[in-house]
Amino acid sequence: MAENPLLEMLAENVGKFKITSKAINAKFNDLIPEEKQAFPQLKDFWMNNKFNPGKCEELLNRMALGKNKHPMDKKLLEELQDFRRLCRDYYTRDRTIFEVFQKAMGGKSPDTELIRIQQPNPNPIPKPIPNPIPKPEPTPKPEPKSDPIPIPGPKPTPKTKSFPWAVMVVSAILLLGVGGGIVYYMFYLPYKIDKEAPRYYTFNATNTFLRSSQMSGVDYNVLAKIPYGSELIFYNISSDWANVKWNSIKGYVHTAYILPKQDFYILNSIFGDSDSKDIINTAKCRIALLNYFKSKGYYGVMDPQIIKSEFNMESFLPDKVWQVFSKMKSSKYNSTYYKRITNKDSKFTDFAVIITNISSQQRKCLLFSFKDDETPFLEYEENAPQTGDIVSIDIGVNSQDNTPFYRIKYQ
């Protein structure tokens, strides 16, 4: 007899969870600090005997911060993505799913319900048919007697039928149960999932496509065009696609164009004016700036309420607040600069930008290059003069050790 397909899928995912956890644990030193903090807790969360989706989502959001931090180890990226998906499926969706997964991992001893699922009842043994009892010989009918003359008596009083209260109560209970189930699964559960789901934001300069399937480069599956800064209800992530909802429309968006709430607030705060946002208009350049700011603990200028609610601080330290200020695209020289400098055969131009500290007015010039998959790399940074824009950037090679050096001209 074939095994229960639900148990086969559970067994497969339990095995995958164990293998993936072991593989990530072997590369623990390669994880970023947020992943090192969240991974051990998620790996052993099934041991806690407590369903806590809010805590799991918080840990998953920490781990998601590292999705762009392992460009050189694609295997590790895939293992981390699989691990986060399995955690979200079995830790946050439903208490019953969590407990079944927990039992399968060894968190609880199996109960009768699990045994019933694992070992289906065999075919019932038919009861033996008893031997028929022989019918007695028919007795002869007596001679019919004449009917006596009937004597009229009092007529019987008809009984009054009682109202079927028990039937009404049982029917009401059944109706309430069915109606409650419909309300729960059709209205309350979707509302609860949406309320507890993390929020992500679009940061692409142009519209981000919401698609009905995980396929880009075509028009037939485009459901909507989502503008910059739109809030998305985030359900789960698979490979390079995220399952989200925007304006009551469910679909898929590419993960390269969405950010968690804190990351979006940091990125959005970096632009000191609309010209900066207009001229730094590609996702890869924006991610390059965001990664640099996060690595340095920098922020842009934000509303105090956002600082308090999202970063749990009253304000940022003055030396940590930096922004980009640019001129119009048509300007001859600017605080942003695009040219192939580090590798003439590169697929993408390099990206240079001047950032300014709001308090001290100190300026830095940053130079980024990009791999073929658009992963940014900080090539060089230096203190820039108090005034002036980038005119040119040249690269040279030290004759002694063959290391590159850069000459940046300002005006």
# chains A, B, ... in the order shown; residues from 1 in each chain; ligands from 1
>>> residues_around(residues="stretch 333-337 of chain A", least_positions_apart="6", cutoff="9 Å", atoms="only C-alpha atoms", output="list in words")
Ser276, Ile279, Ile280, Val324, Phe325, Ser326, Lys327, Asp350, Phe351, Ala352, Val353, Ile354, Ile355, Cys365, Leu367, Gly388, Asp389, Ile390, Val391, Ser392, Ile393, Tyr410 and Gln411 of chain A
>>> write_last_selection(atoms="C-alpha atoms", output="short mmCIF file (atom, residue, chain, number, x, y, z; two decimals), in the first residue's frame")
data_model
loop_
_atom_site.label_atom_id
_atom_site.label_comp_id
_atom_site.auth_asym_id
_atom_site.auth_seq_id
_atom_site.Cartn_x
_atom_site.Cartn_y
_atom_site.Cartn_z
CA SER A 276 20.20 62.77 -6.61
CA ILE A 279 20.56 60.62 -11.43
CA ILE A 280 21.22 57.52 -9.24
CA VAL A 324 24.16 62.65 -1.51
CA PHE A 325 23.60 66.02 -3.20
CA SER A 326 23.65 66.11 -7.00
CA LYS A 327 23.05 68.52 -9.83
CA ASP A 350 31.68 51.92 -12.62
CA PHE A 351 29.84 54.26 -10.26
CA ALA A 352 31.48 57.07 -8.29
CA VAL A 353 29.62 59.38 -5.89
CA ILE A 354 30.38 62.07 -3.32
CA ILE A 355 28.61 61.80 0.05
CA CYS A 365 34.26 60.11 -2.76
CA LEU A 367 34.07 54.29 -6.30
CA GLY A 388 33.77 70.79 -6.32
CA ASP A 389 32.42 68.00 -8.48
CA ILE A 390 34.04 64.93 -10.06
CA VAL A 391 35.75 65.81 -13.36
CA SER A 392 37.59 62.56 -14.09
CA ILE A 393 38.93 59.36 -12.50
CA TYR A 410 37.65 67.68 -8.81
CA GLN A 411 36.41 71.05 -10.03
#
>>> closest_residue(among="A:Phe101, A:Phe51, A:Trp165, A:Tyr228", to="A:Asp278", atoms="only C-alpha atoms")
A:Tyr228
>>> residues_around(residues="A:His254", least_positions_apart="6", cutoff="7 Å", atoms="only C-alpha atoms", output="JSON, numbers by chain")
{"A": [240, 241, 242]}
>>> atom_distance(atom1="atom CA of A:Gln37", atom2="atom CA of A:Val301")
28.5 Å
>>> atom_distance(atom1="atom CA of A:Pro227", atom2="atom CA of A:Gly300")
21.7 Å
>>> residues_around(residues="stretch 261-273 of chain A", least_positions_apart="3", cutoff="10 Å", atoms="only C-alpha atoms", output="NGL selection string")
:A and (61 or 65 or 198-203 or 229 or 231-232 or 258 or 276-278 or 280 or 286-287 or 289-291 or 293-294 or 298-303 or 306-307 or 310-311 or 321-327 or 355-356 or 358)
>>> closest_residue(among="A:Gly396, A:Lys74, A:Asp89, A:Gln102", to="A:Asp373", atoms="only C-alpha atoms")
A:Lys74
>>> atom_distance(atom1="atom CA of A:Ile341", atom2="atom CA of A:Lys409")
13.7 Å
>>> closest_residue(among="A:Val170, A:Ile237, A:Leu366, A:Leu176", to="A:Glu78", atoms="only C-alpha atoms")
A:Ile237
>>> residues_around(residues="A:Ser248", least_positions_apart="5", cutoff="12 Å", atoms="only C-alpha atoms", output="list in words")
Pro190, Tyr191, Asp194, Leu210, Leu223, Ala224, Glu231, Leu232 and Ile233 of chain A
>>> write_last_selection(atoms="C-alpha atoms", output="PDB file, in the first residue's frame")
ATOM      1  CA  PRO A 190      -6.396  35.870   5.532  1.00  0.00           C
ATOM      2  CA  TYR A 191      -6.679  39.067   7.600  1.00  0.00           C
ATOM      3  CA  ASP A 194      -1.729  39.832   6.101  1.00  0.00           C
ATOM      4  CA  LEU A 210       3.830  42.722 -10.354  1.00  0.00           C
ATOM      5  CA  LEU A 223      -0.707  42.384 -13.317  1.00  0.00           C
ATOM      6  CA  ALA A 224       0.312  45.928 -12.341  1.00  0.00           C
ATOM      7  CA  GLU A 231       4.436  49.010   0.566  1.00  0.00           C
ATOM      8  CA  LEU A 232       4.061  45.281  -0.173  1.00  0.00           C
ATOM      9  CA  ILE A 233       2.657  42.543   2.058  1.00  0.00           C
TER      10      ILE A 233
END
>>> select_by_dssp(residues="stretch 165-299 of chain A", states="strand (DSSP E or B)", output="MDAnalysis selection string")
chainID A and resid 199:202 208:211 222:226 231:238 241:246 249:254 258:260 271 299
>>> closest_residue(among="A:Leu175, A:Ala288, A:Leu80, A:Cys56", to="A:Glu196", atoms="only C-alpha atoms")
A:Cys56
